[in-house]
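Containing compact mmCIF, C-alpha atoms: entry.txt.
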# COMPACT_ATOMS: atom_id res chain seq x y z
CA MET T 1 5.65 -42.29 33.18
CA THR T 2 9.23 -43.46 32.97
CA LYS T 3 12.10 -41.07 32.28
CA ALA T 4 12.83 -42.80 28.96
CA ARG T 5 9.22 -42.33 27.83
CA LEU T 6 9.31 -38.65 28.79
CA VAL T 7 12.51 -38.12 26.80
CA GLY T 8 10.94 -39.95 23.86
CA ILE T 9 7.82 -37.76 23.97
CA LEU T 10 9.88 -34.56 24.16
CA PHE T 11 12.15 -35.65 21.31
CA GLN T 12 9.20 -36.66 19.14
CA SER T 13 7.33 -33.45 19.96
CA PHE T 14 10.32 -31.31 19.02
CA ILE T 15 10.94 -33.02 15.69
CA LEU T 16 7.31 -33.45 14.65
CA GLY T 17 6.31 -30.01 15.92
CA THR T 18 9.02 -28.32 13.86
CA LEU T 19 8.14 -30.39 10.79
CA LEU T 20 4.43 -29.66 11.26
CA PHE T 21 5.11 -25.93 11.41
CA ILE T 22 7.26 -26.03 8.26
CA ALA T 23 4.69 -28.18 6.44
CA VAL T 24 1.79 -25.87 7.24
CA CYS T 25 3.78 -22.80 6.16
CA GLN T 26 4.85 -24.52 2.94
CA LEU T 27 1.24 -25.45 2.29
CA PHE T 28 0.17 -21.80 2.54
CA ALA T 29 3.17 -20.62 0.54
CA ALA T 30 3.04 -23.35 -2.10
CA THR T 31 0.87 -21.55 -4.61
CA SER T 32 2.71 -18.26 -4.70
CA GLY T 33 5.84 -18.55 -2.58
CA ALA T 34 7.90 -19.93 -5.45
CA ARG T 35 6.95 -16.98 -7.64
CA ILE T 36 9.04 -14.75 -5.42
CA PHE T 37 12.11 -16.29 -7.00
CA ARG T 38 10.71 -16.83 -10.46
CA TYR T 39 10.79 -13.10 -11.17
CA GLN T 40 14.24 -12.47 -9.80
CA ALA T 41 15.98 -12.54 -13.15
CA PHE T 42 15.10 -12.20 -16.78
CA MET C 1 2.67 -49.37 19.66
CA GLU C 2 -0.13 -47.07 20.80
CA PRO C 3 -0.66 -43.44 19.81
CA SER C 4 0.50 -41.08 22.52
CA LEU C 5 -1.73 -38.16 23.50
CA PRO C 6 1.11 -36.36 25.35
CA ALA C 7 3.29 -36.63 22.21
CA LEU C 8 0.49 -35.22 20.06
CA LEU C 9 -0.03 -32.33 22.47
CA GLY C 10 3.72 -31.77 22.63
CA THR C 11 3.90 -31.65 18.82
CA LEU C 12 1.17 -29.02 18.67
CA ILE C 13 2.82 -26.99 21.43
CA VAL C 14 6.20 -27.04 19.63
CA ALA C 15 4.55 -26.07 16.32
CA GLY C 16 2.77 -23.23 18.15
CA ALA C 17 6.02 -22.14 19.77
CA CYS C 18 7.70 -22.02 16.33
CA PHE C 19 4.89 -19.81 15.06
CA LEU C 20 5.11 -17.57 18.11
CA ALA C 21 8.89 -17.28 17.67
CA CYS C 22 8.40 -16.21 14.04
CA LEU C 23 5.77 -13.65 15.04
CA THR C 24 8.01 -12.07 17.63
CA LEU C 25 11.48 -12.47 16.09
CA ILE C 26 10.87 -11.81 12.38
CA THR C 27 10.19 -8.09 12.63
CA PRO C 28 11.37 -5.05 10.65
CA GLU C 29 13.37 -3.95 13.71
CA ASN C 30 15.29 -7.23 13.83
CA LEU C 31 15.68 -7.18 10.05
CA ARG C 32 17.22 -3.71 10.31
CA ASP C 33 19.53 -4.54 13.21
CA HIS C 34 20.48 -8.13 12.31
CA GLY C 35 19.82 -8.15 8.54
CA PRO C 36 22.49 -10.62 7.39
CA TYR C 37 21.04 -13.26 9.74
CA PHE C 38 17.89 -13.27 7.61
CA MET C 39 19.79 -14.06 4.39
CA ALA C 40 19.42 -17.57 2.99
CA HIS C 41 22.89 -17.33 1.41
CA ARG C 42 25.55 -14.71 0.73
CA ASP C 43 23.91 -13.67 -2.56
CA ASP C 44 20.44 -13.17 -1.08
CA GLN C 45 20.13 -9.70 -2.62
CA MET C 46 16.40 -9.36 -1.88
CA VAL C 47 16.84 -9.50 1.90
CA GLN C 48 20.02 -7.43 1.63
CA TYR C 49 18.16 -4.70 -0.29
CA ALA C 50 15.40 -4.73 2.36
CA TYR C 51 17.64 -4.32 5.38
CA GLU C 52 19.86 -1.74 3.66
CA LEU C 53 16.72 0.35 3.02
CA LEU C 54 15.71 0.02 6.68
CA ARG C 55 19.15 1.15 7.77
CA LEU C 56 19.16 4.31 5.67
CA PRO C 57 17.70 6.58 8.38
CA GLN C 58 20.47 5.48 10.74
CA ARG C 59 23.11 6.51 8.20
CA ALA C 60 21.90 10.08 7.75
CA THR C 61 22.99 11.55 11.03
CA ASP C 62 24.18 14.94 9.79
CA ASP C 63 24.12 17.12 6.71
CA THR C 64 26.74 15.13 4.81
CA LEU C 65 25.77 14.85 1.17
CA GLN C 66 24.80 11.36 0.13
CA VAL C 67 24.71 9.46 -3.12
CA LEU C 68 22.46 6.41 -3.36
CA ILE C 69 22.86 4.12 -6.33
CA LEU C 70 19.77 1.96 -6.92
CA SER C 71 20.62 -0.66 -9.48
CA SER C 72 20.54 -4.19 -10.73
CA SER C 73 23.59 -6.40 -10.51
CA ALA C 74 24.80 -5.06 -13.88
CA THR C 75 25.70 -1.64 -12.46
CA HIS C 76 26.80 -3.08 -9.14
CA GLU C 77 29.28 -5.44 -10.80
CA ALA C 78 30.49 -2.68 -13.13
CA LEU C 79 31.65 -0.53 -10.21
CA ALA C 80 34.52 -0.90 -7.79
CA PRO C 81 33.58 -1.98 -4.25
CA GLU C 82 31.54 0.57 -2.27
CA ARG C 83 34.54 1.47 -0.08
CA ARG C 84 36.58 2.38 -3.18
CA VAL C 85 33.71 4.41 -4.70
CA ASN C 86 33.47 6.36 -1.42
CA GLU C 87 37.21 6.91 -1.33
CA LEU C 88 37.37 8.18 -4.93
CA LEU C 89 34.34 10.44 -4.58
CA ASN C 90 35.50 12.06 -1.34
CA GLU C 91 38.95 12.58 -2.84
CA ARG C 92 37.57 14.25 -5.98
CA PHE C 93 34.71 16.18 -4.41
CA GLY C 94 36.80 17.60 -1.61
CA ARG C 95 33.87 17.74 0.80
CA PRO C 96 32.33 14.88 2.80
CA VAL C 97 30.01 12.72 0.76
CA GLN C 98 28.72 9.27 1.49
CA VAL C 99 27.92 6.68 -1.18
CA LYS C 100 25.66 3.67 -0.74
CA LEU C 101 25.18 0.99 -3.38
CA LEU C 102 21.70 -0.50 -3.09
CA TYR C 103 21.16 -3.30 -5.55
CA CYS C 104 19.11 -6.36 -6.31
CA GLY C 105 19.01 -8.58 -9.39
CA THR C 106 16.84 -6.86 -12.01
CA LEU C 107 15.65 -4.21 -9.57
CA HIS C 108 12.19 -3.10 -10.69
CA HIS C 109 10.89 0.48 -10.74
CA PHE C 110 8.26 -0.22 -8.07
CA GLU C 111 11.00 -1.68 -5.86
CA MET C 112 12.94 1.57 -6.29
CA LEU C 113 9.83 3.34 -5.00
CA MET C 114 10.41 1.66 -1.63
CA LEU C 115 13.19 4.18 -1.17
CA ALA C 116 10.53 6.90 -0.83
CA ASP C 117 9.28 5.09 2.30
CA HIS C 118 12.69 4.99 3.94
CA LEU C 119 14.50 8.07 2.69
CA PRO C 120 15.85 9.88 5.75
CA ALA C 121 14.40 13.33 6.41
CA ALA C 122 17.94 14.68 6.56
CA PHE C 123 18.89 13.22 3.18
CA ARG C 124 20.55 15.62 0.77
CA GLY C 125 22.18 14.42 -2.37
CA LEU C 126 21.71 12.32 -5.47
CA VAL C 127 19.67 9.20 -6.09
CA LEU C 128 21.01 7.36 -9.13
CA MET C 129 18.54 4.90 -10.64
CA GLU C 130 19.48 2.30 -13.20
CA VAL C 131 17.24 1.99 -16.22
CA SER C 132 17.61 -0.50 -19.04
CA HIS C 133 15.43 -2.15 -21.66
CA LYS C 134 15.12 -5.06 -19.22
CA SER C 135 13.56 -2.82 -16.59
CA LEU C 136 11.12 -1.37 -19.14
CA GLN C 137 9.79 -4.62 -20.58
CA HIS C 138 6.93 -5.71 -18.32
CA ASP C 139 3.28 -5.52 -19.23
CA ARG C 140 0.57 -4.44 -16.82
CA ALA C 141 -0.36 -8.01 -15.81
CA MET C 142 3.25 -8.93 -15.07
CA ILE C 143 3.79 -5.79 -12.99
CA GLU C 144 0.66 -6.57 -10.97
CA THR C 145 1.72 -10.21 -10.47
CA MET C 146 5.22 -9.24 -9.37
CA PHE C 147 3.86 -6.66 -6.95
CA ALA C 148 1.39 -9.19 -5.53
CA ASN C 149 4.28 -11.59 -4.86
CA PRO C 150 6.93 -9.24 -3.50
CA ARG C 151 10.55 -10.32 -3.58
CA ILE C 152 11.55 -7.56 -1.19
CA PRO C 153 9.98 -8.31 2.20
CA LEU C 154 8.94 -4.75 3.02
CA PRO C 155 5.61 -2.93 2.87
CA SER C 156 5.62 0.06 0.54
CA PRO C 157 2.91 2.70 0.99
CA ALA C 158 4.64 4.78 -1.71
CA ALA C 159 4.39 1.99 -4.28
CA GLU C 160 0.77 1.27 -3.32
CA SER C 161 -0.10 4.93 -3.74
CA VAL C 162 1.48 4.97 -7.22
CA PHE C 163 -0.37 1.77 -8.12
CA ASP C 164 -3.58 3.53 -7.03
CA ASP C 165 -2.74 6.54 -9.21
CA MET C 166 -2.14 4.33 -12.24
CA GLY C 167 -5.12 2.05 -11.69
CA LEU C 168 -2.90 -0.99 -11.16
CA ALA C 169 -4.43 -3.78 -9.09
CA TYR C 170 -2.85 -5.01 -5.87
CA GLU C 171 -3.93 -6.73 -2.70
CA THR C 172 -3.89 -4.65 0.42
CA ASN C 173 -1.74 -6.17 3.13
CA VAL C 174 -4.26 -7.87 5.38
CA GLY C 175 -1.96 -9.03 8.16
CA GLY C 176 -1.22 -6.47 10.82
CA ASN C 177 1.77 -8.56 11.78
CA TYR C 178 4.93 -8.28 9.66
CA PHE C 179 5.62 -12.03 9.61
CA ILE C 180 2.05 -12.90 8.63
CA THR C 181 2.18 -10.36 5.80
CA PHE C 182 5.54 -11.51 4.43
CA PHE C 183 5.67 -15.13 5.58
CA LYS C 184 6.05 -16.30 1.97
CA SER C 185 9.37 -14.48 1.74
CA TYR C 186 10.66 -16.13 4.87
CA ILE C 187 9.28 -19.64 4.53
CA VAL C 188 11.33 -20.07 1.35
CA ARG C 189 14.45 -19.27 3.40
CA PRO C 190 14.61 -22.11 5.96
CA ARG C 191 18.41 -22.16 5.53
CA ALA C 192 18.55 -18.79 7.32
CA VAL C 193 17.78 -20.54 10.64
CA LEU C 194 21.26 -22.09 10.48
CA ASN C 195 22.77 -18.58 10.58
CA VAL C 196 22.06 -18.60 14.31
CA VAL C 197 24.66 -21.36 14.61
CA THR C 198 27.05 -20.62 11.74
CA GLY C 199 26.85 -16.81 11.88
CA PRO C 200 25.54 -14.61 9.05
CA PRO C 201 26.94 -15.04 5.53
CA ARG C 202 29.88 -12.84 4.59
CA ILE C 203 28.92 -10.74 1.61
CA PRO C 204 31.71 -10.21 -0.94
CA PRO C 205 31.79 -6.87 -2.80
CA HIS C 206 31.30 -8.63 -6.13
CA MET C 207 29.44 -11.84 -6.88
CA ALA C 208 30.06 -12.29 -10.61
CA MET C 209 33.79 -12.87 -10.17
CA GLY C 210 32.98 -16.32 -8.81
CA TRP C 211 30.66 -17.21 -11.68
CA ARG C 212 31.37 -19.64 -14.51
CA PRO C 213 31.28 -18.10 -18.00
CA PRO C 214 28.39 -19.33 -20.19
CA THR C 215 29.00 -22.15 -22.65
CA GLU C 216 28.36 -21.55 -26.35
CA ARG C 217 24.93 -23.16 -26.00
CA GLU C 218 24.13 -20.95 -23.01
CA TRP C 219 25.24 -17.89 -25.00
CA ALA C 220 22.69 -18.72 -27.68
CA GLY C 221 20.02 -18.84 -24.97
CA ILE C 222 21.17 -15.54 -23.44
CA ILE C 223 21.09 -13.79 -26.83
CA GLN C 224 17.60 -15.13 -27.57
CA ARG C 225 16.35 -13.97 -24.15
CA ARG C 226 17.76 -10.49 -24.76
CA PHE C 227 16.05 -10.36 -28.17
CA ASP C 228 12.81 -11.39 -26.45
CA SER C 229 13.17 -8.71 -23.78
CA LEU C 230 13.86 -6.07 -26.47
CA GLN C 231 10.63 -7.11 -28.18
CA ARG C 232 8.78 -6.89 -24.86
CA TYR C 233 10.28 -3.40 -24.43
CA VAL C 234 8.76 -2.37 -27.77
CA ASP C 235 5.38 -3.81 -26.73
CA ASN C 236 5.22 -2.59 -23.14
CA HIS C 237 7.52 0.38 -22.59
CA GLU C 238 4.84 3.05 -22.03
CA ILE C 239 3.59 1.81 -18.66
CA ASN C 240 7.16 1.28 -17.46
CA TYR C 241 8.25 4.80 -18.41
CA GLU C 242 5.15 6.03 -16.60
CA LEU C 243 6.24 4.15 -13.47
CA TYR C 244 9.77 5.53 -13.71
CA ALA C 245 8.27 9.01 -14.04
CA LYS C 246 6.32 8.41 -10.83
CA VAL C 247 9.47 7.23 -9.05
CA ILE C 248 11.30 10.38 -10.14
CA ASP C 249 8.39 12.62 -9.12
CA ARG C 250 8.14 10.98 -5.68
CA LEU C 251 11.84 11.28 -4.97
CA ARG C 252 12.59 14.66 -6.50
CA SER C 253 12.90 17.47 -4.02
CA PRO C 254 15.10 20.28 -5.37
CA GLY C 255 17.96 21.11 -3.03
CA ARG C 256 17.39 17.88 -1.16
CA VAL C 257 17.02 14.93 -3.55
CA GLU C 258 18.17 15.11 -7.14
CA PRO C 259 17.30 12.01 -9.20
CA VAL C 260 19.63 10.81 -11.93
CA LEU C 261 19.15 8.01 -14.45
CA ILE C 262 22.03 5.70 -15.23
CA THR C 263 22.13 3.02 -17.85
CA VAL C 264 24.52 0.23 -18.68
CA SER C 265 26.41 -1.13 -21.66
CA ARG C 266 26.30 -4.81 -22.47
CA ASN C 267 29.03 -7.19 -23.59
CA PRO C 268 30.20 -6.22 -27.11
CA ARG C 269 29.50 -9.83 -28.10
CA LEU C 270 25.81 -9.34 -27.34
CA MET C 271 25.83 -5.98 -29.12
CA GLU C 272 27.28 -7.65 -32.24
CA ALA C 273 24.41 -10.14 -32.17
CA ILE C 274 21.91 -7.31 -31.78
CA GLU C 275 23.45 -5.37 -34.66
CA ALA C 276 23.27 -8.46 -36.87
CA ASP C 277 19.52 -8.82 -36.30
CA PRO C 278 17.46 -6.04 -37.92
CA THR C 279 14.48 -6.50 -35.57
CA ALA C 280 16.61 -6.47 -32.43
CA LEU C 281 18.67 -3.55 -33.71
CA SER C 282 15.56 -1.54 -34.48
CA ALA C 283 14.21 -2.23 -30.97
CA PHE C 284 17.51 -1.33 -29.34
CA THR C 285 17.85 1.91 -31.32
CA ARG C 286 14.30 2.77 -30.40
CA PHE C 287 15.07 2.09 -26.72
CA GLN C 288 18.10 4.41 -26.79
CA THR C 289 16.20 7.21 -28.51
CA GLU C 290 13.16 6.91 -26.26
CA LEU C 291 15.28 6.75 -23.12
CA ASP C 292 17.07 9.97 -24.16
CA ASP C 293 13.70 11.60 -24.80
CA PHE C 294 12.35 10.40 -21.45
CA ALA C 295 15.33 11.79 -19.53
CA ALA C 296 14.98 15.12 -21.33
CA ARG C 297 11.23 15.22 -20.64
CA MET C 298 11.76 14.47 -16.94
CA ASP C 299 14.66 16.95 -16.81
CA VAL C 300 17.04 14.45 -15.25
CA PRO C 301 20.58 13.64 -16.35
CA LEU C 302 21.16 10.29 -18.07
CA TRP C 303 24.63 8.83 -17.64
CA ASN C 304 26.23 5.71 -19.01
CA PRO C 305 29.74 5.59 -17.55
CA MET C 306 30.32 2.16 -19.12
CA SER C 307 29.93 3.66 -22.59
CA GLU C 308 32.85 6.00 -21.86
CA VAL C 309 35.26 3.10 -21.34
CA ALA C 310 36.56 0.86 -24.14
CA LEU C 311 35.22 -2.48 -22.93
CA GLU C 312 36.21 -5.79 -24.48
CA PRO C 313 34.15 -9.03 -24.48
CA GLY C 314 36.72 -10.52 -22.12
CA ASP C 315 35.98 -7.85 -19.51
CA PHE C 316 32.56 -9.47 -18.95
CA ILE C 317 31.71 -12.85 -17.43
CA ASP C 318 28.46 -12.99 -19.45
CA ASP C 319 26.31 -10.53 -21.40
CA SER C 320 25.86 -7.99 -18.59
CA HIS C 321 28.32 -8.43 -15.74
CA LEU C 322 31.72 -6.79 -15.78
CA THR C 323 34.39 -8.75 -13.92
CA ASP C 324 37.65 -7.12 -15.01
CA ARG C 325 39.02 -5.06 -12.10
CA ASP C 326 40.72 -2.45 -14.31
CA ALA C 327 37.53 -1.96 -16.28
CA GLN C 328 35.54 -1.62 -13.03
CA GLU C 329 37.99 1.01 -11.82
CA GLN C 330 37.70 2.99 -15.07
CA VAL C 331 33.90 2.83 -15.05
CA THR C 332 33.92 4.00 -11.42
CA GLN C 333 36.20 6.91 -12.31
CA ARG C 334 33.85 8.00 -15.11
CA LEU C 335 30.84 7.74 -12.80
CA VAL C 336 32.61 9.72 -10.09
CA ASP C 337 33.43 12.43 -12.67
CA HIS C 338 29.72 12.79 -13.42
CA VAL C 339 28.71 12.72 -9.77
CA VAL C 340 31.25 15.35 -8.72
CA ALA C 341 30.22 17.71 -11.53
CA TYR C 342 26.53 17.30 -10.74
CA LEU C 343 26.98 17.66 -6.97
CA ASN C 344 28.92 20.87 -7.57
CA GLU C 345 26.12 22.12 -9.82
CA LYS C 346 23.22 21.19 -7.53
CA PHE C 347 24.83 21.62 -4.10
CA PRO C 348 27.44 24.34 -4.73
CA ASP C 349 27.69 25.57 -1.16
CA ALA C 350 26.70 22.42 0.67
CA GLY C 351 28.77 21.25 3.53
CA PRO C 352 28.35 19.93 7.04
CA GLY C 353 25.90 22.06 9.00
CA GLN C 354 24.46 23.84 5.97
CA THR C 355 21.17 23.39 4.16
CA GLN C 356 20.08 24.29 0.68
CA GLY C 357 17.17 26.28 -0.58
CA GLY C 358 15.35 26.37 2.74
CA GLN C 359 14.54 22.66 2.51
CA PRO C 360 14.59 20.65 5.74
I need this file expressed as structure tokens, please.
Amino acid sequence: MTKARLVGILFQSFILGTLLFIAVCQLFAATSGARIFRYQAF
Amino acid sequence: MEPSLPALLGTLIVAGACFLACLTLITPENLRDHGPYFMAHRDDQMVQYAYELLRLPQRATDDTLQVLILSSSATHEALAPERRVNELLNERFGRPVQVKLLYCGTLHHFEMLMLADHLPAAFRGLVLMEVSHKSLQHDRAMIETMFANPRIPLPSPAAESVFDDMGLAYETNVGGNYFITFFKSYIVRPRAVLNVVTGPPRIPPHMAMGWRPPTEREWAGIIQRRFDSLQRYVDNHEINYELYAKVIDRLRSPGRVEPVLITVSRNPRLMEAIEADPTALSAFTRFQTELDDFAARMDVPLWNPMSEVALEPGDFIDDSHLTDRDAQEQVTQRLVDHVVAYLNEKFPDAGPGQTQGGQP
């Protein structure tokens, strides 16, 4: 494995891993997470 | 280009590491010690309310009398900054007393109950709770929905126990881990991660001063929403008074915690609109009468320091938020007058190192 390929894998892993984590959390929160703010003010 | 197994594994490992970081870093201890870092922006009152509650036990280190003001933004914006309220109260009372303003937009009664979970054992003093027709307007289903989707990221055994007493439905917190239980509160605050780089937001004493006044069209909408909330008050007030009664009962401990109700005045422009509408006026009059009756029944004082100051429409930025500094100072002075008189009545001999009525 070349150094450039290793850097590419690490960079891709960092970006996609972070995005994957956010996406999964948003998926779980999607149905009710937004309600937290909906009731802030009347 | 071929798919890369190492990259896929790396992605899963990073996602797992993010989850692990959340599990270990987003904790009540870190929220208490580094609260502002968890705020999505400088007006993130929900997180601010949570970490201020968690910090309360650290504040009560001796027998100094304390005054906690639990309110919505209406009361918060009507008062001078906390430092000034402290200064005035200590000056007038003549003995050490510490004031803390705890507020959140439209603070609900069951959110006030969270105080019962965090009230320091050494606390002696007053707990002032704002009550308005807006905080007495929700029906049973709305209260249950709001409680099931908490804005304040803190567990509240006191609120759950009151919900049990009143037969209100709620889901028991299933996650033993704090982040898993309240992840919805944090996942909607991704901006907070940047605080690690930029530093926590600086919280100004007043938010409304930076707001834009409503346009004429927006005013019409505000007035209609207030009429609607007055109607909801008429329809739903019983269960809300019952919840306020539970809050008072939980907090009251003669010689240690004396609850007080405070209410607010609205912009005279809104009041003119209410007076011009027979239905709204009838609902508002009913609210005032029933609130007086409730305070008398619960044997708690009911203060409205704003009503003791001649406020003009121009003193407000909208229907509820006072932005004129002189008016804020006058309202604060009136509130301090009430607090000093009531502290003298309820804690006549209190001072550092003394306790009242044999209470701990």
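Shortest atom-to-atom contact with chain T among C:Thr181, C:Gln224, C:Thr27, C:Thr11: C:Thr11, counting all atoms listed in the file.
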Quiz item: Excluding same-chain residues fewer than 6 positions from region 10-13 of chain T, what lies within 9 Å of it counting only C-alpha atoms, as a list in words?
Solution: Pro6, Ala7, Leu8, Leu9, Gly10, Thr11, Leu12, Ile13, Val14 and Ala15 of chain C
Practice problem: Considering only C-alpha atoms, state which residue in the set C:Val234, C:Leu168, C:Gly255, C:Arg151 is at the smallest distance from Pro348 (chain C). | Solution: C:Gly255
Exercise. Can you work out the spacing between CA of Leu65 (chain C) and CA of Gln98 (chain C) in Å, to one decimal?
Key: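 It comes out at 6.3 Å.
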Practice problem: Select, counting all atoms listed in the file, all protein, DNA and RNA residues no farther than 12 Å from (-1.3, -11.8, -10.5) in file coordinates, and express the selection as a PyMOL selection string. | Solution: (chain T and resi 31-32+35-36) or (chain C and resi 139-150+168-171)
Quiz prompt | Atom pair CA of His338 (chain C) / CA of Met298 (chain C): separation (Å) | solution =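 Rounded to one decimal, the two atoms are 18.4 Å apart.
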Quiz item: Please, what distance in Å, to one decimal, runs between CA of Leu68 (chain C) and CA of Ile152 (chain C)?
Solution: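 Interatomic distance, CA of Leu68 (chain C) to CA of Ile152 (chain C): 17.9 Å.
Distances here use all atoms listed in the file; by that measure, the residue among C:Val188, C:Ala280, C:Val47, C:Ala121 closest to Leu251 (chain C) is C:Ala121.
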Exercise. Name all residues at most 12 Å from Arg84 (chain C) (count only C-alpha atoms; drop same-chain ones fewer than 3 positions away) and give them as a ChimeraX atom specification.
Key: /C:79-81,87-91,98-101,205,325,328-330,332-333,336
Kindly export the residues of the current selection with C-alpha atoms, as a PDB file, in the frame of the given file.
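Result went into part_21.pdb, see below:
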ATOM      1  CA  LEU C  79      31.650  -0.530 -10.210  1.00  0.00           C
ATOM      2  CA  ALA C  80      34.520  -0.900  -7.790  1.00  0.00           C
ATOM      3  CA  PRO C  81      33.580  -1.980  -4.250  1.00  0.00           C
ATOM      4  CA  GLU C  87      37.210   6.910  -1.330  1.00  0.00           C
ATOM      5  CA  LEU C  88      37.370   8.180  -4.930  1.00  0.00           C
ATOM      6  CA  LEU C  89      34.340  10.440  -4.580  1.00  0.00           C
ATOM      7  CA  ASN C  90      35.500  12.060  -1.340  1.00  0.00           C
ATOM      8  CA  GLU C  91      38.950  12.580  -2.840  1.00  0.00           C
ATOM      9  CA  GLN C  98      28.720   9.270   1.490  1.00  0.00           C
ATOM     10  CA  VAL C  99      27.920   6.680  -1.180  1.00  0.00           C
ATOM     11  CA  LYS C 100      25.660   3.670  -0.740  1.00  0.00           C
ATOM     12  CA  LEU C 101      25.180   0.990  -3.380  1.00  0.00           C
ATOM     13  CA  PRO C 205      31.790  -6.870  -2.800  1.00  0.00           C
ATOM     14  CA  ARG C 325      39.020  -5.060 -12.100  1.00  0.00           C
ATOM     15  CA  GLN C 328      35.540  -1.620 -13.030  1.00  0.00           C
ATOM     16  CA  GLU C 329      37.990   1.010 -11.820  1.00  0.00           C
ATOM     17  CA  GLN C 330      37.700   2.990 -15.070  1.00  0.00           C
ATOM     18  CA  THR C 332      33.920   4.000 -11.420  1.00  0.00           C
ATOM     19  CA  GLN C 333      36.200   6.910 -12.310  1.00  0.00           C
ATOM     20  CA  VAL C 336      32.610   9.720 -10.090  1.00  0.00           C
TER      21      VAL C 336
END
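All polymer residues at most 12 Å from (17.4, 4.6, 11.8), using only C-alpha atoms, appear as C:Pro28, C:Glu29, C:Arg32, C:Asp33, C:Tyr51, C:Glu52, C:Leu53, C:Leu54, C:Arg55, C:Leu56, C:Pro57, C:Gln58, C:Arg59, C:Ala60, C:Thr61, C:His118, C:Leu119, C:Pro120, C:Ala121, C:Ala122.
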Quiz item: Which one of C:Phe110, C:Phe123, C:Tyr103, C:Tyr186 sits closest to chain T if you count only C-alpha atoms?
Solution: C:Tyr186
Exercise. Tell me which of C:Ile26, C:Ile187, C:Ala50, C:Ile239 sits closest to chain T, counting only C-alpha atoms.
Key: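 The answer is C:Ile187, which sits nearest to chain T.
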Quiz item: Any idea what's packed within 12 Å of Glu345 (chain C), counting all atoms listed in the file, ignoring anything in its chain fewer than 3 positions away? Could you give it as a ChimeraX atom specification?
Solution: /C:93,125-126,255,258,338-342,348-350
